[in-house]
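Here's protein-v9.pdb, which has PDB, C-alpha atoms:
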MODEL        1
ATOM      1  CA  MET A 244     -57.051  15.343  71.598
ATOM      2  CA  ALA A 245     -53.731  16.556  72.975
ATOM      3  CA  GLU A 246     -50.491  15.235  71.590
ATOM      4  CA  SER A 247     -48.931  12.378  73.502
ATOM      5  CA  ARG A 248     -46.060  13.079  75.845
ATOM      6  CA  PRO A 249     -42.487  12.289  74.839
ATOM      7  CA  ARG A 250     -41.342   8.917  76.173
ATOM      8  CA  ASN A 251     -38.630  10.326  78.448
ATOM      9  CA  LEU A 252     -40.442  13.343  79.863
ATOM     10  CA  ALA A 253     -39.527  12.696  83.515
ATOM     11  CA  LEU A 254     -40.817  16.058  84.754
ATOM     12  CA  PHE A 255     -44.327  15.006  83.774
ATOM     13  CA  LYS A 256     -44.250  11.326  84.690
ATOM     14  CA  ASP A 257     -47.627  10.329  86.175
ATOM     15  CA  PHE A 258     -48.883  13.848  85.459
ATOM     16  CA  PRO A 259     -52.716  13.854  85.666
ATOM     17  CA  ASP A 260     -54.476  13.988  82.288
ATOM     18  CA  SER A 261     -56.304  17.196  83.233
ATOM     19  CA  ASP A 262     -53.013  18.947  84.028
ATOM     20  CA  TRP A 263     -51.463  17.568  80.837
ATOM     21  CA  GLU A 264     -54.399  18.925  78.782
ATOM     22  CA  TRP A 265     -53.989  22.347  80.447
ATOM     23  CA  LEU A 266     -50.224  22.367  79.902
ATOM     24  CA  HIS A 267     -50.408  21.156  76.325
ATOM     25  CA  GLY A 268     -52.667  24.118  75.528
ATOM     26  CA  LYS A 269     -49.886  26.449  76.712
ATOM     27  CA  LEU A 270     -46.992  24.837  74.830
ATOM     28  CA  ARG A 271     -45.736  26.180  71.512
ATOM     29  CA  ARG A 272     -43.833  23.813  69.218
ATOM     30  CA  ARG A 273     -40.567  25.024  67.685
ATOM     31  CA  TYR A 274     -38.440  23.250  65.094
ATOM     32  CA  LEU A 275     -34.688  23.780  65.293
ATOM     33  CA  ARG A 276     -31.985  23.148  62.738
ATOM     34  CA  GLU A 277     -28.574  21.772  63.672
ATOM     35  CA  GLY A 278     -26.402  24.685  64.804
ATOM     36  CA  GLU A 279     -29.358  27.011  65.443
ATOM     37  CA  ILE A 280     -28.889  29.321  68.420
ATOM     38  CA  ILE A 281     -31.888  29.108  70.737
ATOM     39  CA  PHE A 282     -30.733  31.833  73.103
ATOM     40  CA  CYS A 283     -27.523  33.567  74.140
ATOM     41  CA  LYS A 284     -26.055  34.439  77.503
ATOM     42  CA  GLY A 285     -27.481  37.782  78.573
ATOM     43  CA  ASP A 286     -30.749  37.487  76.626
ATOM     44  CA  GLU A 287     -33.767  38.780  78.531
ATOM     45  CA  ASP A 288     -36.267  36.140  77.320
ATOM     46  CA  ALA A 289     -37.547  33.801  80.058
ATOM     47  CA  THR A 290     -39.083  30.982  78.016
ATOM     48  CA  THR A 291     -38.592  27.425  79.271
ATOM     49  CA  PHE A 292     -37.904  24.741  76.668
ATOM     50  CA  ILE A 293     -38.701  21.017  76.773
ATOM     51  CA  ILE A 294     -36.937  18.787  74.256
ATOM     52  CA  VAL A 295     -39.334  16.579  72.303
ATOM     53  CA  SER A 296     -36.632  15.184  70.013
ATOM     54  CA  GLY A 297     -33.013  15.943  69.191
ATOM     55  CA  ARG A 298     -30.180  17.313  71.314
ATOM     56  CA  VAL A 299     -29.199  20.740  72.628
ATOM     57  CA  LYS A 300     -25.945  21.929  74.165
ATOM     58  CA  ILE A 301     -25.781  24.456  76.950
ATOM     59  CA  CYS A 302     -22.474  26.326  76.810
ATOM     60  CA  VAL A 303     -20.617  29.498  77.657
ATOM     61  CA  THR A 304     -18.315  31.257  75.236
ATOM     62  CA  THR A 305     -15.554  33.755  75.956
ATOM     63  CA  PRO A 306     -15.229  36.963  73.908
ATOM     64  CA  GLU A 307     -12.237  35.274  72.231
ATOM     65  CA  GLY A 308     -14.494  32.435  71.037
ATOM     66  CA  ARG A 309     -13.430  29.719  73.492
ATOM     67  CA  GLU A 310     -16.374  27.513  74.393
ATOM     68  CA  SER A 311     -17.095  25.369  77.428
ATOM     69  CA  VAL A 312     -19.982  22.913  77.144
ATOM     70  CA  ILE A 313     -21.920  22.766  80.388
ATOM     71  CA  ALA A 314     -24.418  20.104  79.368
ATOM     72  CA  ILE A 315     -25.738  18.110  76.464
ATOM     73  CA  LEU A 316     -29.481  17.613  76.782
ATOM     74  CA  SER A 317     -31.825  15.280  74.929
ATOM     75  CA  GLU A 318     -35.435  14.149  74.731
ATOM     76  CA  GLY A 319     -37.384  14.892  77.891
ATOM     77  CA  ASP A 320     -34.887  17.386  79.303
ATOM     78  CA  CYS A 321     -35.842  20.968  80.002
ATOM     79  CA  PHE A 322     -33.688  24.070  79.875
ATOM     80  CA  GLY A 323     -34.089  27.798  80.283
ATOM     81  CA  GLU A 324     -35.988  27.379  83.527
ATOM     82  CA  LEU A 325     -33.563  29.521  85.566
ATOM     83  CA  ALA A 326     -34.640  32.678  83.744
ATOM     84  CA  ALA A 327     -38.267  31.643  84.208
ATOM     85  CA  LEU A 328     -37.683  31.192  87.937
ATOM     86  CA  ASP A 329     -35.779  34.363  88.747
ATOM     87  CA  GLY A 330     -36.423  36.716  85.820
ATOM     88  CA  GLU A 331     -32.685  37.291  85.353
ATOM     89  CA  PRO A 332     -30.969  37.263  81.934
ATOM     90  CA  ARG A 333     -29.795  33.964  80.459
ATOM     91  CA  SER A 334     -26.683  32.579  82.152
ATOM     92  CA  ALA A 335     -25.460  30.548  79.146
ATOM     93  CA  ASP A 336     -26.025  29.881  75.456
ATOM     94  CA  ALA A 337     -28.295  27.118  74.118
ATOM     95  CA  VAL A 338     -27.588  25.653  70.668
ATOM     96  CA  ALA A 339     -29.224  22.758  68.796
ATOM     97  CA  ILE A 340     -26.522  20.199  68.022
ATOM     98  CA  GLU A 341     -28.829  18.297  65.676
ATOM     99  CA  ASP A 342     -32.216  18.921  64.116
ATOM    100  CA  SER A 343     -34.560  19.106  67.096
ATOM    101  CA  VAL A 344     -38.096  19.806  68.201
ATOM    102  CA  VAL A 345     -38.805  21.651  71.443
ATOM    103  CA  TRP A 346     -41.868  22.843  73.261
ATOM    104  CA  CYS A 347     -41.718  26.436  74.499
ATOM    105  CA  LEU A 348     -43.465  27.526  77.684
ATOM    106  CA  ALA A 349     -43.811  31.225  78.513
ATOM    107  CA  ARG A 350     -42.661  32.431  81.929
ATOM    108  CA  GLU A 351     -46.200  33.240  83.082
ATOM    109  CA  ASP A 352     -47.413  29.758  82.159
ATOM    110  CA  PHE A 353     -44.350  28.195  83.815
ATOM    111  CA  SER A 354     -45.214  30.062  87.041
ATOM    112  CA  ASP A 355     -48.847  28.963  86.771
ATOM    113  CA  LEU A 356     -47.715  25.365  86.301
ATOM    114  CA  MET A 357     -45.572  25.524  89.436
ATOM    115  CA  GLU A 358     -48.551  26.800  91.420
ATOM    116  CA  ARG A 359     -50.915  24.305  89.829
ATOM    117  CA  SER A 360     -48.779  21.188  90.361
ATOM    118  CA  ALA A 361     -46.778  20.475  93.505
ATOM    119  CA  GLN A 362     -45.633  17.261  91.787
ATOM    120  CA  PHE A 363     -44.093  19.255  88.931
ATOM    121  CA  SER A 364     -42.453  21.679  91.371
ATOM    122  CA  ARG A 365     -40.885  18.823  93.353
ATOM    123  CA  ARG A 366     -39.542  17.199  90.196
ATOM    124  CA  LEU A 367     -38.152  20.519  88.978
ATOM    125  CA  ILE A 368     -36.373  21.012  92.301
ATOM    126  CA  ALA A 369     -34.870  17.521  91.922
ATOM    127  CA  VAL A 370     -33.618  18.409  88.405
ATOM    128  CA  LEU A 371     -32.050  21.624  89.687
ATOM    129  CA  ALA A 372     -30.497  19.793  92.648
ATOM    130  CA  ARG A 373     -28.929  17.247  90.227
ATOM    131  CA  ARG A 374     -27.479  20.101  88.169
ATOM    132  CA  LEU A 375     -26.059  21.746  91.282
ATOM    133  CA  ARG A 376     -24.459  18.444  92.313
ATOM    134  CA  ASP A 377     -22.975  18.113  88.815
ATOM    135  CA  THR A 378     -21.579  21.635  89.145
ATOM    136  CA  ASP A 379     -20.047  20.745  92.520
ATOM    137  CA  LYS A 380     -18.421  17.697  90.930
ATOM    138  CA  TYR A 381     -17.117  19.813  88.041
ATOM    139  CA  LEU A 382     -15.613  22.383  90.415
ATOM    140  CA  THR A 383     -14.021  19.611  92.475
ATOM    141  CA  ASP A 384     -12.458  18.202  89.303
ATOM    142  CA  LEU A 385     -11.084  21.640  88.406
ATOM    143  CA  VAL A 386      -9.515  22.084  91.802
ATOM    144  CA  PHE A 387      -8.118  18.600  92.413
ATOM    145  CA  TYR A 388      -7.288  17.077  89.005
ATOM    146  CA  ASP A 389      -4.811  18.068  86.338
ATOM    147  CA  VAL A 390      -5.900  18.627  82.746
ATOM    148  CA  PHE A 391      -5.200  15.045  81.612
ATOM    149  CA  GLU A 392      -7.276  13.565  84.445
ATOM    150  CA  ARG A 393     -10.103  16.045  83.768
ATOM    151  CA  VAL A 394     -10.169  15.160  80.071
ATOM    152  CA  ALA A 395     -10.203  11.437  80.861
ATOM    153  CA  ARG A 396     -13.006  11.902  83.395
ATOM    154  CA  LYS A 397     -15.023  14.000  80.923
ATOM    155  CA  LEU A 398     -14.599  11.428  78.150
ATOM    156  CA  LEU A 399     -15.820   8.689  80.476
ATOM    157  CA  GLN A 400     -18.793  10.825  81.507
ATOM    158  CA  LEU A 401     -19.699  11.565  77.863
ATOM    159  CA  ALA A 402     -19.421   7.887  76.982
ATOM    160  CA  ASP A 403     -21.706   7.054  79.880
ATOM    161  CA  THR A 404     -24.341   9.747  79.222
ATOM    162  CA  GLN A 405     -24.222   9.917  75.417
ATOM    163  CA  GLY A 406     -23.501   6.267  74.733
ATOM    164  CA  VAL A 407     -20.475   7.020  72.572
TER
ENDMDL
END

So that I can check it, write out the structure of this file as structure tokens.
Amino acid sequence: MAESRPRNLALFKDFPDSDWEWLHGKLRRRYLREGEIIFCKGDEDATTFIIVSGRVKICVTTPEGRESVIAILSEGDCFGELAALDGEPRSADAVAIEDSVVWCLAREDFSDLMERSAQFSRRLIAVLARRLRDTDKYLTDLVFYDVFERVARKLLQLADTQGV
């Protein structure tokens, strides 16, 4: 019997059992330690990751070591799908910020899943659209708000999304 789905796995909500059985046969479980680098900007790997438990940060780092956190993801979120979609190198770093468990899905299987399930494809497009909207909001903040307002807005957003 296949493992049950994580509670917050929105991409696969109402996913038919037969598709879940197929997908679960393609997933590889990976355990991550806090601080473990999952991938780095520029890496060629195109695996998609789905968080079963824990949290992961997506960030970019300058050669001087300055870091900008793009997103903090948790149970049910996916990441790495851009490389799976376009075959381009990674656009950011992914790091476990606490002990975590992820499922890994190879690019070929990700493509098969998109062809197999229009429902999955629509949900993935909605996730990507949300991220693009968040990026638009971030760019607007950079252009129109000074550093103090941006920090205040970011702290409020983190409190809202992370509950702290």

Closest to Trp265 of chain A among A:Leu356, A:Ile294, A:Ala395, A:Cys302, using all atoms listed in the file?
A:Leu356

For the file shown, what are the residues hit by the PyMOL selection byres ((chain A and resi 335) around 7), laid out as a list in words?
Cys283, Lys284, Ile301, Cys302, Val303, Arg333, Ser334, Asp336 and Ala337 of chain A

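Nearest to Glu351 of chain A of all the residues A:Asp379, A:Glu264, A:Asp329, A:Asp389 is A:Asp329, counting only C-alpha atoms.
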
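With all atoms listed in the file as the atoms that count, the minimum distance from Leu325 of chain A to the choices A:Ile281, A:Ala361, A:Leu371, A:Ile293 is reached by A:Leu371.
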
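Here atom CA of Pro259 of chain A and atom CA of Thr290 of chain A stand 23.2 Å from one another.
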
I would like the residues chosen by the PyMOL selection byres ((chain A and resi 364-370) around 10) on the shown file; could you give them as JSON, numbers by chain?
{"A": [253, 254, 255, 256, 320, 321, 324, 354, 356, 357, 358, 359, 360, 361, 362, 363, 371, 372, 373, 374, 375, 376]}

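Here atom CA of Glu341 of chain A is placed at a distance of 24.8 Å from atom CA of Thr378 of chain A.
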
If the PyMOL selection byres ((chain A and resi 316) around 9) is run on the structure shown, which residues does it catch, given as a count of residues only?
14

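Between Gly330 of chain A and the residues A:Leu270, A:Ala349, A:Leu252, A:Val394, the shortest atom-to-atom distance, using all atoms listed in the file, involves A:Ala349.
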
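Take the candidates A:Leu275, A:Val338, A:Leu348, A:Thr305 and check each one against Phe292 of chain A using all atoms listed in the file; the shortest distance goes to A:Leu348.
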
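One finds atom CA of Arg271 of chain A at 12.5 Å from atom CA of Arg350 of chain A.
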
Around all the atoms of segment 252-268 of chain A listed in the file, with 5 Å of room on each side, what axis-aligned box do you get, giving centre and edge lengths in Å to one decimal, as JSON?
{"center_x": -47.9, "center_y": 17.2, "center_z": 80.9, "size_x": 26.8, "size_y": 23.8, "size_z": 20.6}

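Nearest-residue note for Ser343 of chain A: choosing from A:Glu392, A:Ser296, A:Lys269, A:Asp403, the minimum distance belongs to A:Ser296, counting all atoms listed in the file.
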
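With distances taken from (-28.2, 26.7, 66.3) and restricted to all atoms listed in the file, the residues inside 7 Å are Arg276, Glu277, Gly278, Glu279, Ile280, Ile281, Val338, Ala339 and Ile340 of chain A.
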
Contacts of Tyr274 of chain A within 8 Å, all atoms listed in the file, excl. fewer than 3 positions in-chain, as JSON, numbers by chain
{"A": [342, 343, 344, 345]}

Which protein, DNA or RNA residues have an atom at most 12 Å from (-24.1, 11.4, 80.3), counting all atoms listed in the file? List them as a tab-separated table (two decimals) with C-alpha atoms, keeping the file's coordinate frame.
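In the end it all went to result_0.tsv:
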chain	number	residue	atom	x	y	z
A	313	ILE	CA	-21.92	22.77	80.39
A	314	ALA	CA	-24.42	20.10	79.37
A	315	ILE	CA	-25.74	18.11	76.46
A	316	LEU	CA	-29.48	17.61	76.78
A	317	SER	CA	-31.82	15.28	74.93
A	377	ASP	CA	-22.98	18.11	88.82
A	396	ARG	CA	-13.01	11.90	83.40
A	397	LYS	CA	-15.02	14.00	80.92
A	398	LEU	CA	-14.60	11.43	78.15
A	399	LEU	CA	-15.82	8.69	80.48
A	400	GLN	CA	-18.79	10.82	81.51
A	401	LEU	CA	-19.70	11.56	77.86
A	402	ALA	CA	-19.42	7.89	76.98
A	403	ASP	CA	-21.71	7.05	79.88
A	404	THR	CA	-24.34	9.75	79.22
A	405	GLN	CA	-24.22	9.92	75.42
A	406	GLY	CA	-23.50	6.27	74.73
A	407	VAL	CA	-20.48	7.02	72.57
